[in-house]
>>> print(open('upload_11.txt').read())   # compact mmCIF, C-alpha atoms
# COMPACT_ATOMS: atom_id res chain seq x y z
CA MET A 1 108.87 108.09 119.69
CA LYS A 2 107.87 106.10 116.60
CA LYS A 3 109.96 103.06 115.69
CA VAL A 4 110.66 103.15 111.97
CA LEU A 5 112.22 100.45 109.77
CA ILE A 6 113.61 101.52 106.38
CA ALA A 7 114.57 98.63 104.08
CA VAL A 8 116.83 98.81 101.00
CA HIS A 9 118.56 96.25 98.77
CA THR A 10 122.20 97.31 99.24
CA LEU A 11 124.26 100.42 99.97
CA GLN A 12 126.13 100.33 96.70
CA MET A 13 126.71 103.42 94.56
CA GLY A 14 123.40 104.71 93.21
CA GLY A 15 120.90 107.53 93.29
CA VAL A 16 118.51 105.80 95.71
CA GLU A 17 121.31 104.98 98.15
CA LYS A 18 122.46 108.61 98.07
CA ILE A 19 118.89 109.73 98.78
CA ILE A 20 118.81 107.39 101.80
CA LEU A 21 121.94 109.08 103.16
CA ASN A 22 120.43 112.54 102.68
CA LEU A 23 117.28 111.43 104.46
CA LEU A 24 119.03 109.77 107.41
CA LYS A 25 121.33 112.75 107.97
CA LYS A 26 118.46 115.25 108.10
CA ILE A 27 115.46 113.46 109.61
CA ASP A 28 114.49 114.35 113.18
CA THR A 29 115.81 111.46 115.31
CA THR A 30 114.19 112.94 118.42
CA LYS A 31 110.85 111.99 116.86
CA TYR A 32 111.79 108.73 115.16
CA ASP A 33 113.80 105.70 116.30
CA ILE A 34 115.15 104.60 112.92
CA THR A 35 116.66 101.30 111.81
CA LEU A 36 118.09 100.98 108.30
CA LEU A 37 117.94 97.40 106.98
CA SER A 38 119.95 96.29 103.95
CA ILE A 39 119.67 92.84 102.38
CA VAL A 40 123.44 92.68 101.93
CA ASN A 41 126.08 94.41 104.07
CA ASP A 42 128.00 95.83 101.14
CA GLY A 43 128.56 99.11 99.37
CA ILE A 44 130.37 102.41 99.47
CA TYR A 45 127.78 103.98 101.78
CA VAL A 46 127.91 101.42 104.62
CA ASP A 47 130.60 103.28 106.56
CA GLU A 48 128.81 106.61 106.08
CA VAL A 49 125.57 105.19 107.43
CA LYS A 50 127.35 103.83 110.49
CA LYS A 51 128.67 107.33 111.26
CA ILE A 52 125.21 108.90 111.40
CA GLU A 53 124.16 109.44 115.01
CA ASN A 54 121.06 107.69 116.36
CA ILE A 55 120.61 105.47 113.29
CA LYS A 56 120.70 101.70 113.78
CA TYR A 57 122.00 99.55 110.92
CA LYS A 58 121.15 95.89 110.23
CA TYR A 59 121.49 93.50 107.30
CA PHE A 60 120.57 89.99 106.13
CA PHE A 61 123.98 88.72 105.00
CA ASN A 62 127.58 89.92 104.79
CA ALA A 63 129.68 90.56 101.70
CA TYR A 64 132.76 88.36 101.31
CA PHE A 65 136.26 89.84 100.99
CA LYS A 66 134.99 93.33 101.74
CA LYS A 67 138.46 94.88 101.78
CA ALA A 68 139.18 93.44 98.35
CA ARG A 69 135.83 94.75 97.12
CA ALA A 70 136.61 98.22 98.40
CA ASN A 71 140.05 98.21 96.76
CA LYS A 72 138.79 96.48 93.59
CA ASP A 73 141.37 93.66 94.02
CA SER A 74 140.48 91.84 90.79
CA LYS A 75 141.13 88.22 91.85
CA LEU A 76 139.40 88.34 95.23
CA PHE A 77 136.78 90.73 93.86
CA ASN A 78 135.77 88.17 91.25
CA ILE A 79 135.71 85.37 93.83
CA SER A 80 133.57 87.56 96.10
CA ASN A 81 131.15 88.30 93.27
CA LYS A 82 130.75 84.61 92.49
CA ILE A 83 130.01 83.77 96.14
CA MET A 84 127.59 86.67 96.48
CA ASN A 85 125.80 85.77 93.26
CA ILE A 86 125.10 82.31 94.70
CA ILE A 87 123.75 83.82 97.93
CA TRP A 88 121.70 86.40 96.02
CA LYS A 89 120.10 83.68 93.90
CA LYS A 90 119.10 81.84 97.05
CA TYR A 91 117.54 85.00 98.53
CA LEU A 92 115.80 85.92 95.30
CA PHE A 93 114.22 82.46 95.21
CA LEU A 94 113.11 82.74 98.85
CA ILE A 95 111.78 86.29 98.44
CA LYS A 96 109.88 85.28 95.31
CA TYR A 97 108.25 82.16 96.73
CA PHE A 98 108.54 82.41 100.55
CA PRO A 99 108.62 86.15 101.48
CA LYS A 100 106.89 85.60 104.83
CA ARG A 101 109.62 83.17 105.86
CA VAL A 102 112.31 85.70 104.90
CA TYR A 103 110.59 88.40 106.94
CA LYS A 104 110.21 86.23 110.05
CA LYS A 105 113.82 85.05 109.90
CA HIS A 106 115.42 88.48 109.63
CA ILE A 107 113.02 91.01 111.16
CA LYS A 108 112.44 90.20 114.82
CA GLU A 109 111.57 93.58 116.31
CA LYS A 110 108.20 95.29 116.09
CA TYR A 111 108.04 98.65 114.34
CA ASP A 112 105.34 101.31 114.13
CA ILE A 113 106.20 102.08 110.51
CA GLU A 114 107.82 99.73 108.00
CA ILE A 115 109.17 101.36 104.84
CA ALA A 116 110.28 99.60 101.68
CA PHE A 117 112.41 102.34 100.19
CA LEU A 118 112.52 100.57 96.82
CA GLU A 119 110.16 98.70 94.57
CA GLY A 120 110.84 94.99 94.05
CA LYS A 121 112.67 92.83 96.60
CA VAL A 122 112.26 94.87 99.78
CA ALA A 123 108.72 95.83 98.77
CA LYS A 124 107.77 92.17 98.68
CA ILE A 125 109.45 91.49 102.04
CA ILE A 126 107.72 94.39 103.83
CA ALA A 127 104.38 93.60 102.19
CA ASN A 128 104.61 90.17 103.83
CA SER A 129 105.31 91.56 107.29
CA SER A 130 104.06 89.45 110.19
CA ASN A 131 103.35 92.65 112.15
CA PRO A 132 99.65 93.51 111.65
CA ASP A 133 99.94 96.73 113.65
CA SER A 134 102.63 98.46 111.61
CA ARG A 135 101.88 101.11 109.00
CA LYS A 136 103.47 100.08 105.72
CA VAL A 137 104.88 102.52 103.15
CA VAL A 138 106.62 101.83 99.83
CA TRP A 139 108.72 104.20 97.69
CA ILE A 140 108.61 103.78 93.90
CA HIS A 141 111.74 105.26 92.32
CA THR A 142 111.52 104.03 88.74
CA ASP A 143 109.27 103.31 85.77
CA ILE A 144 108.06 99.85 86.81
CA GLU A 145 106.00 99.55 83.63
CA ASN A 146 109.05 99.37 81.34
CA ILE A 147 112.11 98.50 83.43
CA ARG A 148 114.09 95.37 82.47
CA ARG A 149 114.86 93.43 85.66
CA LYS A 150 114.52 89.87 86.87
CA ASN A 151 111.00 89.63 88.18
CA ILE A 152 110.70 89.00 91.91
CA TYR A 153 106.98 88.29 91.54
CA ARG A 154 105.41 84.97 90.58
CA SER A 155 102.86 86.71 88.37
CA LYS A 156 101.36 90.12 87.64
CA ARG A 157 98.61 89.33 90.16
CA ASP A 158 101.28 88.59 92.79
CA GLU A 159 102.86 92.01 92.12
CA ILE A 160 99.53 93.84 92.33
CA ASP A 161 98.60 92.02 95.55
CA CYS A 162 101.98 93.01 97.01
CA TYR A 163 101.46 96.73 96.48
CA LYS A 164 97.85 96.59 97.66
CA LYS A 165 99.14 95.69 101.13
CA PHE A 166 100.78 99.11 101.59
CA ASP A 167 99.02 101.93 103.39
CA LYS A 168 100.88 104.56 101.38
CA ILE A 169 102.61 104.41 97.98
CA VAL A 170 105.13 107.20 97.42
CA CYS A 171 106.14 107.90 93.80
CA VAL A 172 109.09 110.21 93.20
CA SER A 173 107.59 111.88 90.11
CA GLU A 174 104.31 112.27 88.25
CA ASP A 175 105.58 110.02 85.45
CA VAL A 176 106.54 107.28 87.92
CA LYS A 177 103.02 107.51 89.38
CA LYS A 178 101.45 107.26 85.90
CA HIS A 179 103.53 104.18 84.98
CA PHE A 180 102.78 102.57 88.35
CA ILE A 181 99.03 103.01 87.85
CA ASN A 182 99.26 101.73 84.26
CA LYS A 183 100.96 98.53 85.42
CA THR A 184 99.08 97.80 88.65
CA GLY A 185 95.74 99.56 88.27
CA ILE A 186 96.14 100.77 91.86
CA LYS A 187 94.99 104.38 92.33
CA LYS A 188 94.38 104.66 96.08
CA ASN A 189 96.83 105.98 98.69
CA ILE A 190 99.33 107.19 96.05
CA ILE A 191 101.21 110.47 96.42
CA VAL A 192 104.09 112.15 94.57
CA GLN A 193 107.04 113.17 96.72
CA PRO A 194 110.38 114.45 95.28
CA ASN A 195 113.62 113.17 96.77
CA PRO A 196 115.74 115.22 99.20
CA ILE A 197 118.92 116.65 97.64
CA ASN A 198 121.66 118.26 99.73
CA SER A 199 122.57 121.28 97.58
CA ILE A 200 125.03 122.73 100.11
CA GLU A 201 127.13 119.55 100.10
CA ILE A 202 127.02 119.39 96.29
CA LEU A 203 128.21 122.99 95.88
CA GLU A 204 131.02 122.49 98.41
CA LYS A 205 132.31 119.25 96.89
CA ALA A 206 132.13 120.69 93.38
CA ASN A 207 134.95 123.08 94.27
CA GLU A 208 137.44 120.25 94.89
CA LYS A 209 140.21 119.92 92.30
CA ILE A 210 140.36 117.06 89.81
CA GLU A 211 143.75 115.45 90.37
CA GLU A 212 143.98 113.06 87.42
CA ASP A 213 144.70 114.05 83.82
CA LEU A 214 141.56 113.90 81.72
CA PRO A 215 141.08 114.34 77.97
CA LYS A 216 139.62 117.71 77.02
CA LYS A 217 139.27 118.20 73.29
CA GLY A 218 136.53 120.64 72.42
CA LEU A 219 133.60 120.88 74.84
CA VAL A 220 133.31 118.23 77.55
CA LEU A 221 130.16 116.12 77.91
CA CYS A 222 129.79 114.61 81.38
CA ALA A 223 127.55 111.70 82.39
CA VAL A 224 127.26 110.16 85.87
CA GLY A 225 125.79 106.85 87.00
CA ARG A 226 126.08 103.07 87.04
CA LEU A 227 127.57 101.52 83.93
CA ALA A 228 124.34 99.70 83.16
CA TYR A 229 122.12 99.16 80.12
CA GLU A 230 119.43 101.41 81.57
CA LYS A 231 121.81 104.39 81.56
CA GLY A 232 122.31 104.25 77.80
CA TYR A 233 126.05 104.97 77.70
CA ASP A 234 126.38 102.74 74.63
CA ARG A 235 124.29 105.20 72.66
CA LEU A 236 126.09 108.22 74.14
CA LEU A 237 129.34 106.80 72.78
CA LYS A 238 127.75 106.25 69.37
CA VAL A 239 126.64 109.89 69.36
CA HIS A 240 130.15 110.97 70.37
CA LYS A 241 131.68 108.97 67.52
CA LYS A 242 129.23 110.39 64.97
CA LEU A 243 129.99 113.96 66.05
CA LEU A 244 133.73 113.33 65.73
CA ASN A 245 133.14 111.97 62.22
CA GLU A 246 131.50 115.32 61.43
CA ASN A 247 134.59 117.14 62.75
CA ILE A 248 132.70 118.44 65.81
CA GLU A 249 135.26 118.19 68.60
CA ASN A 250 133.96 116.94 71.93
CA THR A 251 135.10 114.84 74.87
CA VAL A 252 133.09 112.43 77.04
CA TRP A 253 133.64 111.79 80.75
CA ILE A 254 131.54 108.98 82.22
CA VAL A 255 131.68 108.84 86.02
CA GLY A 256 130.57 105.55 87.56
CA GLU A 257 131.18 101.82 87.69
CA GLY A 258 129.19 98.76 86.71
CA LEU A 259 128.75 95.58 84.72
CA GLU A 260 128.70 97.31 81.33
CA ARG A 261 132.34 98.48 81.62
CA PRO A 262 133.85 95.66 79.48
CA LYS A 263 131.31 96.30 76.73
CA LEU A 264 131.96 100.05 76.76
CA GLU A 265 135.74 99.56 76.85
CA LYS A 266 135.52 97.23 73.85
CA TYR A 267 133.61 99.85 71.86
CA ILE A 268 136.03 102.64 72.86
CA LYS A 269 138.99 100.57 71.72
CA ALA A 270 137.36 99.39 68.50
CA GLN A 271 136.44 102.97 67.52
CA ASN A 272 139.81 104.46 68.58
CA LEU A 273 138.19 106.76 71.14
CA GLU A 274 140.83 106.43 73.87
CA ASP A 275 141.88 110.09 73.41
CA THR A 276 138.36 111.51 73.69
CA VAL A 277 136.54 109.24 76.16
CA LYS A 278 137.35 108.63 79.82
CA LEU A 279 135.59 106.06 81.99
CA VAL A 280 136.42 107.72 85.28
CA GLY A 281 135.12 104.91 87.49
CA TYR A 282 133.51 105.28 90.88
CA THR A 283 134.19 108.40 92.95
CA SER A 284 132.61 109.74 96.11
CA ASN A 285 132.65 113.18 94.51
CA PRO A 286 131.17 113.25 91.00
CA TYR A 287 130.26 116.93 91.40
CA LYS A 288 133.74 118.23 90.57
CA TYR A 289 133.55 116.44 87.21
CA ILE A 290 130.12 117.89 86.48
CA LYS A 291 131.31 121.39 87.40
CA ASN A 292 134.41 121.15 85.20
CA SER A 293 132.46 119.91 82.19
CA ASP A 294 130.58 122.04 79.66
CA ILE A 295 127.38 120.04 79.20
CA PHE A 296 125.74 117.40 81.37
CA VAL A 297 124.19 114.50 79.45
CA CYS A 298 121.64 111.96 80.69
CA SER A 299 121.38 109.27 78.01
CA SER A 300 119.17 106.97 80.11
CA ARG A 301 116.60 104.61 78.69
CA ILE A 302 114.76 104.48 82.03
CA GLU A 303 114.73 106.71 85.12
CA GLY A 304 112.31 107.54 87.91
CA LEU A 305 113.52 110.89 89.17
CA SER A 306 117.16 111.29 88.20
CA THR A 307 119.17 112.36 91.23
CA VAL A 308 122.18 113.28 89.12
CA VAL A 309 120.13 115.50 86.77
CA ILE A 310 118.92 117.42 89.84
CA GLU A 311 122.55 117.68 90.98
CA ALA A 312 123.60 118.99 87.56
CA ALA A 313 120.77 121.53 87.78
CA ILE A 314 122.01 122.67 91.20
CA LEU A 315 125.42 123.22 89.57
CA GLN A 316 123.66 125.17 86.80
CA LYS A 317 125.02 123.08 83.96
CA PRO A 318 123.43 123.05 80.50
CA ILE A 319 121.63 119.71 80.37
CA VAL A 320 120.73 117.41 77.48
CA THR A 321 118.54 114.49 78.52
CA THR A 322 116.31 111.84 77.04
CA MET A 323 112.63 111.97 77.93
CA CYS A 324 112.54 109.59 80.90
CA SER A 325 110.20 109.56 83.87
CA GLY A 326 110.69 112.61 86.06
CA MET A 327 112.56 114.83 83.61
CA GLN A 328 109.71 117.30 83.20
CA ASP A 329 109.21 117.31 86.99
CA ILE A 330 112.84 118.39 87.32
CA LEU A 331 113.33 120.60 84.26
CA GLY A 332 109.86 121.82 83.30
CA LYS A 333 107.85 121.15 80.16
CA ASP A 334 108.82 124.02 77.87
CA ASN A 335 112.50 123.21 77.20
CA SER A 336 113.51 126.64 78.49
CA CYS A 337 115.78 125.19 81.20
CA ALA A 338 117.27 122.19 79.39
CA CYS A 339 117.15 120.19 76.17
CA ILE A 340 114.79 117.23 76.63
CA VAL A 341 114.73 114.94 73.57
CA PRO A 342 112.77 111.80 72.62
CA ASN A 343 114.18 108.61 74.11
CA ASN A 344 116.24 107.29 71.19
CA THR A 345 119.79 107.57 69.85
CA LYS A 346 118.91 109.77 66.85
CA ALA A 347 117.17 112.37 69.03
CA LEU A 348 119.99 112.28 71.58
CA TYR A 349 122.47 112.99 68.77
CA GLY A 350 120.37 115.93 67.56
CA GLY A 351 120.03 117.42 71.04
CA ILE A 352 123.71 117.13 71.92
CA LYS A 353 124.77 118.56 68.56
CA LYS A 354 122.41 121.52 68.89
CA VAL A 355 123.65 122.42 72.38
CA LEU A 356 127.31 121.84 71.48
CA LEU A 357 127.10 124.29 68.59
CA ASP A 358 125.04 127.03 70.26
CA GLU A 359 126.86 128.98 72.98
CA ASN A 360 123.87 131.28 73.57
CA LEU A 361 121.61 128.28 74.16
CA ARG A 362 124.06 126.85 76.72
CA LYS A 363 124.11 130.21 78.50
CA LYS A 364 120.30 130.39 78.48
CA TYR A 365 119.97 126.92 80.01
CA SER A 366 122.52 127.75 82.74
CA GLU A 367 120.66 130.92 83.69
CA ASN A 368 117.14 129.48 83.57
CA ILE A 369 117.85 126.25 85.46
CA GLU A 370 118.35 128.08 88.76
CA LYS A 371 114.61 128.63 89.20
CA ARG A 372 113.98 124.84 89.21
CA LYS A 373 116.22 124.13 92.22
CA GLU A 374 113.85 125.24 94.99
CA ARG A 375 111.49 122.31 94.34
CA PHE A 376 114.14 119.94 95.73
CA ASP A 377 115.24 121.96 98.77
CA ILE A 378 116.26 119.35 101.31
CA ASN A 379 114.73 121.01 104.36
CA LYS A 380 111.30 121.35 102.72
CA VAL A 381 111.38 117.80 101.34
CA ILE A 382 112.42 116.29 104.70
CA LEU A 383 109.49 118.06 106.40
CA ASP A 384 107.15 116.63 103.74
CA ILE A 385 108.53 113.13 104.34
CA GLU A 386 108.08 113.52 108.09
CA LYS A 387 104.43 114.41 107.45
CA ILE A 388 104.08 111.07 105.67
CA LEU A 389 105.49 109.31 108.74
CA ASP A 390 103.23 111.28 111.09
CA GLU A 391 99.96 110.42 109.36
>>> encode(input="upload_11.txt", output="structure tokens")
Amino acid sequence: MKKVLIAVHTLQMGGVEKIILNLLKKIDTTKYDITLLSIVNDGIYVDEVKKIENIKYKYFFNAYFKKARANKDSKLFNISNKIMNIIWKKYLFLIKYFPKRVYKKHIKEKYDIEIAFLEGKVAKIIANSSNPDSRKVVWIHTDIENIRRKNIYRSKRDEIDCYKKFDKIVCVSEDVKKHFINKTGIKKNIIVQPNPINSIEILEKANEKIEEDLPKKGLVLCAVGRLAYEKGYDRLLKVHKKLLNENIENTVWIVGEGLERPKLEKYIKAQNLEDTVKLVGYTSNPYKYIKNSDIFVCSSRIEGLSTVVIEAAILQKPIVTTMCSGMQDILGKDNSCACIVPNNTKALYGGIKKVLLDENLRKKYSENIEKRKERFDINKVILDIEKILDE
């Protein structure tokens, strides 16, 4: 049995973390002895991971006031965030300048395969493994050429040298692969592998009832994801406001939580959008909101392979999305299954308006999207991932 280490940053809400869950629930644990390693023991998926049979779970450091974090107790939550930010800064410094020391301190066991399931922090840790006999694999989930994040590398050369240490580089879409090559110049040992999506679970959860009262004026636009700059919800709200000014009724539901909430709330209040916009917050079941909406919108500035767009496709929703990495992998290149627009606010406005006003187009997208779902069948994708581990 192969010993496999899979490293992630946290188990907070996010597409990558959901993919990890799908993978751990389906992978053959009679073939692989798997340990999941998180830098911080925090996030909505921690308890779910602990329930999965035959999966070991480890972490670098604990979150403070975890109960308060789970219940969003504002006072303790803020204190916890301040403490964790201090610890994170310490770890970011150590990972940036002393990654070998971080590895030796926290990873004591020997593994046959060491996987960094994200670019960035865990990639640098695993690249500096003190185990010369392990096979090292890294997953690239995003457009590393254009993403805006604090750099964990000392220089571009440091980043390139990091990725050169991996035996296999797994990109989740053709676009992600292209951007990776553009930034690093690395062309060897790179493959494209879609993420596993559990369509049965999505379809089942989508049938649950929405208990809270939500605004519903005109057609409902639904978006799901972290409230972060990369997701572009600021421009979605600007589009919504412009459409209302043109007397085109529509409602926006945004499902998710994040640091951009105060900024979005300020805009909603300033533009008097309280009756037509709902920031739903975090939920373990976003699928019921997608199902009960009329159009799914991805307003992202940057993606790798959008998990939630695949989920919306499984639910056969008409989709309007900006042209981010992975969208053509998911939806095709001919715009017959969804409306893919250039990555700017003006184009997003045009796409949403066109789909809002054309019932036949919405019906066409719903019917055509079904043929794209097979590419992400979880059983096929898990078998492909196991082949990567068996090489």
>>> residues_near_point(input="upload_11.txt", point="(128.2, 111.1, 87.1)", cutoff="8 Å", atoms="only C-alpha atoms", output="ChimeraX atom specification")
/A:222-225,254-256,286-287,289-290,308
>>> atom_distance(input="upload_11.txt", atom1="atom CA of A:Ile340", atom2="atom CA of A:Thr276")
24.4 Å
>>> residues_around(input="upload_11.txt", residues="A:Lys187", least_positions_apart="5", cutoff="10 Å", atoms="all atoms listed in the file", output="PyMOL selection string")
chain A and resi 164+169+177-178+180-182
>>> atom_distance(input="upload_11.txt", atom1="atom CA of A:Val381", atom2="atom CA of A:Ile19")
11.3 Å
>>> closest_residue(input="upload_11.txt", among="A:Asn151, A:Asn247, A:Ser300, A:Ser80", to="A:Asn62", atoms="all atoms listed in the file")
A:Ser80
